[in-house]
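Pasted below: entry.cif, mmCIF, C-alpha atoms; chains and numbers go by the auth columns.
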```cif
data_final
loop_
_atom_site.group_PDB
_atom_site.id
_atom_site.type_symbol
_atom_site.label_atom_id
_atom_site.label_comp_id
_atom_site.label_asym_id
_atom_site.label_seq_id
_atom_site.Cartn_x
_atom_site.Cartn_y
_atom_site.Cartn_z
_atom_site.B_iso_or_equiv
_atom_site.auth_seq_id
_atom_site.auth_asym_id
ATOM 1 C CA ASN A 1 282.932 166.754 81.380 0.00 1 A
ATOM 2 C CA GLY A 2 279.460 167.691 82.528 0.00 2 A
ATOM 3 C CA MET A 3 277.384 170.812 82.056 0.00 3 A
ATOM 4 C CA GLU A 4 277.696 171.929 85.685 0.00 4 A
ATOM 5 C CA MET A 5 280.388 174.482 84.835 0.00 5 A
ATOM 6 C CA ALA A 6 278.986 175.654 81.495 0.00 6 A
ATOM 7 C CA ASN A 7 278.336 179.094 83.029 0.00 7 A
ATOM 8 C CA HIS A 8 281.728 179.405 84.706 0.00 8 A
ATOM 9 C CA LYS A 9 282.452 182.778 83.080 0.00 9 A
ATOM 10 C CA TRP A 10 279.170 184.194 84.407 0.00 10 A
ATOM 11 C CA LEU A 11 279.974 182.810 87.858 0.00 11 A
ATOM 12 C CA GLU A 12 283.482 184.266 87.746 0.00 12 A
ATOM 13 C CA ASN A 13 282.284 187.692 86.583 0.00 13 A
ATOM 14 C CA ASN A 14 279.413 187.932 89.063 0.00 14 A
ATOM 15 C CA THR A 15 281.093 186.597 92.192 0.00 15 A
ATOM 16 C CA GLY A 16 284.701 187.681 91.833 0.00 16 A
ATOM 17 C CA MET A 17 285.823 184.069 92.270 0.00 17 A
ATOM 18 C CA ASN A 18 288.670 182.753 90.184 0.00 18 A
ATOM 19 C CA ILE A 19 287.783 179.457 88.520 0.00 19 A
ATOM 20 C CA TYR A 20 290.484 177.071 87.398 0.00 20 A
ATOM 21 C CA PHE A 21 290.280 173.822 85.463 0.00 21 A
ATOM 22 C CA ALA A 22 292.877 171.143 86.105 0.00 22 A
ATOM 23 C CA ASN A 23 294.382 169.121 83.310 0.00 23 A
ATOM 24 C CA PRO A 24 293.180 165.538 82.921 0.00 24 A
ATOM 25 C CA TYR A 25 295.182 162.954 84.899 0.00 25 A
ATOM 26 C CA SER A 26 297.005 165.700 86.842 0.00 26 A
ATOM 27 C CA SER A 27 296.006 164.988 90.440 0.00 27 A
ATOM 28 C CA TRP A 28 298.731 167.341 91.771 0.00 28 A
ATOM 29 C CA GLU A 29 296.721 170.234 90.305 0.00 29 A
ATOM 30 C CA ARG A 30 293.734 169.280 92.467 0.00 30 A
ATOM 31 C CA GLY A 31 295.342 169.198 95.905 0.00 31 A
ATOM 32 C CA THR A 32 292.282 170.163 97.957 0.00 32 A
ATOM 33 C CA ASN A 33 290.096 167.738 96.000 0.00 33 A
ATOM 34 C CA GLU A 34 292.530 164.862 96.458 0.00 34 A
ATOM 35 C CA ASN A 35 292.935 165.667 100.172 0.00 35 A
ATOM 36 C CA THR A 36 289.163 165.730 100.618 0.00 36 A
ATOM 37 C CA ASN A 37 288.844 162.377 98.855 0.00 37 A
ATOM 38 C CA GLY A 38 291.310 160.963 101.397 0.00 38 A
ATOM 39 C CA LEU A 39 289.289 162.385 104.277 0.00 39 A
ATOM 40 C CA ILE A 40 286.092 160.881 102.878 0.00 40 A
ATOM 41 C CA ARG A 41 287.844 157.491 102.645 0.00 41 A
ATOM 42 C CA ARG A 42 288.267 157.576 106.451 0.00 42 A
ATOM 43 C CA PHE A 43 284.494 157.276 106.690 0.00 43 A
ATOM 44 C CA PHE A 44 283.868 155.181 103.598 0.00 44 A
ATOM 45 C CA PRO A 45 286.802 152.995 102.491 0.00 45 A
ATOM 46 C CA LYS A 46 287.195 151.992 98.848 0.00 46 A
ATOM 47 C CA LYS A 47 284.646 149.438 97.677 0.00 47 A
ATOM 48 C CA THR A 48 282.093 150.676 100.216 0.00 48 A
ATOM 49 C CA ASP A 49 278.636 149.515 99.190 0.00 49 A
ATOM 50 C CA PHE A 50 276.672 152.739 99.552 0.00 50 A
ATOM 51 C CA SER A 51 273.389 150.876 99.434 0.00 51 A
ATOM 52 C CA ASN A 52 274.329 149.798 102.973 0.00 52 A
ATOM 53 C CA VAL A 53 275.182 153.327 104.153 0.00 53 A
ATOM 54 C CA SER A 54 272.399 155.145 105.968 0.00 54 A
ATOM 55 C CA LYS A 55 271.417 158.762 105.451 0.00 55 A
ATOM 56 C CA GLU A 56 272.462 159.361 109.078 0.00 56 A
ATOM 57 C CA GLN A 57 275.962 158.007 108.370 0.00 57 A
ATOM 58 C CA LEU A 58 276.285 160.285 105.343 0.00 58 A
ATOM 59 C CA LEU A 59 275.093 163.306 107.323 0.00 59 A
ATOM 60 C CA GLU A 60 277.535 162.532 110.144 0.00 60 A
ATOM 61 C CA ALA A 61 280.470 162.375 107.715 0.00 61 A
ATOM 62 C CA GLN A 62 279.266 165.553 105.995 0.00 62 A
ATOM 63 C CA ASN A 63 278.968 167.388 109.312 0.00 63 A
ATOM 64 C CA LYS A 64 282.423 166.317 110.492 0.00 64 A
ATOM 65 C CA LEU A 65 284.103 167.219 107.210 0.00 65 A
ATOM 66 C CA ASN A 66 282.347 170.587 106.843 0.00 66 A
ATOM 67 C CA ASN A 67 283.227 171.591 110.396 0.00 67 A
ATOM 68 C CA ARG A 68 286.890 170.548 110.216 0.00 68 A
ATOM 69 C CA PRO A 69 289.345 173.466 109.969 0.00 69 A
ATOM 70 C CA ARG A 70 291.410 173.421 106.776 0.00 70 A
ATOM 71 C CA LYS A 71 294.851 174.922 106.311 0.00 71 A
ATOM 72 C CA VAL A 72 293.960 175.929 102.731 0.00 72 A
ATOM 73 C CA LEU A 73 291.090 178.016 104.156 0.00 73 A
ATOM 74 C CA GLY A 74 293.282 179.793 106.703 0.00 74 A
ATOM 75 C CA PHE A 75 292.131 177.289 109.348 0.00 75 A
ATOM 76 C CA LEU A 76 288.486 178.193 108.858 0.00 76 A
ATOM 77 C CA THR A 77 286.016 175.377 108.382 0.00 77 A
ATOM 78 C CA PRO A 78 284.275 174.900 105.021 0.00 78 A
ATOM 79 C CA ASN A 79 281.023 175.978 106.709 0.00 79 A
ATOM 80 C CA GLU A 80 282.635 179.193 107.980 0.00 80 A
ATOM 81 C CA MET A 81 284.077 179.926 104.535 0.00 81 A
ATOM 82 C CA MET A 82 280.711 179.279 102.877 0.00 82 A
ATOM 83 C CA LYS A 83 279.053 181.776 105.239 0.00 83 A
ATOM 84 C CA ARG A 84 281.667 184.394 104.321 0.00 84 A
ATOM 85 C CA GLU A 85 281.198 183.802 100.606 0.00 85 A
ATOM 86 C CA ARG A 86 277.403 183.948 100.878 0.00 86 A
ATOM 87 C CA LYS A 87 277.674 187.293 102.671 0.00 87 A
ATOM 88 C CA LYS A 88 279.828 188.621 99.820 0.00 88 A
ATOM 89 C CA ILE A 89 277.230 187.505 97.299 0.00 89 A
ATOM 90 C CA GLU A 90 274.396 188.988 99.337 0.00 90 A
ATOM 91 C CA ASN A 91 276.269 192.292 99.604 0.00 91 A
ATOM 92 C CA LYS A 92 276.648 192.388 95.821 0.00 92 A
ATOM 93 C CA LYS A 93 272.964 191.477 95.425 0.00 93 A
ATOM 94 C CA ILE A 94 273.811 188.861 92.818 0.00 94 A
ATOM 95 C CA LYS A 95 270.929 186.786 91.560 0.00 95 A
ATOM 96 C CA LEU A 96 271.997 183.137 91.574 0.00 96 A
ATOM 97 C CA ILE A 97 270.771 180.831 88.824 0.00 97 A
#
```
Encoded form using structure tokens:
Amino acid sequence: NGMEMANHKWLENNTGMNIYFANPYSSWERGTNENTNGLIRRFFPKKTDFSNVSKEQLLEAQNKLNNRPRKVLGFLTPNEMMKRERKKIENKKIKLI
């Protein structure tokens, strides 16, 4: 609903990534997103008051999640996959907005 994906066609054309939009109220179309939400809940259960969560706690959860191998990524970690994708972009010399 936000403007963050307003340039999705540009992003798709300039990176070679396929971008998909799930239908509203169709959680089965967002498997990785729903799985990640479950993983985040291990650190921060529902009704967590984030005003009581320190920056260090957030960074620890972020580090653990981004360095956890994922089946959907061929058992690479999100950090490893991000490095690969950045190299592809650098090789294409794409100017990011």
- Query: Residues picked by the PyMOL selection byres ((chain A and resi 19) around 12) here, as number ranges by chain?
  - Reply: A: 5-18, 20-22
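Shortest separation to Thr32 of chain A among A:Leu73, A:Met81, A:Ile89, A:Val53 occurs at residue A:Leu73, atoms counted being all atoms listed in the file.
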Edge lengths and centre, in Å to one decimal, as JSON: that's what I need for the box along x, y and z that holds all listed atoms of segment 68-73 of chain A plus 5 Å on each side.
```
{"center_x": 290.9, "center_y": 174.3, "center_z": 106.5, "size_x": 18.0, "size_y": 17.5, "size_z": 17.5}
```
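Considering the residues A:Glu34, A:Met3, A:Arg70, A:Phe43 and counting all atoms listed in the file, Leu58 of chain A has its shortest atom-to-atom contact with A:Phe43.
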- Interatomic distance, atom CA of Asn66 of chain A to atom CA of Lys88 of chain A (Å, one decimal):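 Interatomic distance, atom CA of Asn66 of chain A to atom CA of Lys88 of chain A: 19.5 Å.
For the pair atom CA of Gln62 of chain A and atom CA of Thr36 of chain A, the separation is 11.3 Å.
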- Atomic separation - atom CA of Lys55 of chain A relative to atom CA of Arg42 of chain A, Å: 16.9 Å
- Message: I need the residue nearest Thr77 of chain A from this list: A:Asn63, A:Pro45, A:Asn37, A:Asn52. Use all atoms listed in the file for the distance.
- Response: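 Using all atoms listed in the file, the shortest distance to Thr77 of chain A belongs to A:Asn63.
Between Gly31 of chain A and the residues A:Val72, A:Phe50, A:Met82, A:Asn91, the shortest atom-to-atom distance, using only C-alpha atoms, involves A:Val72.
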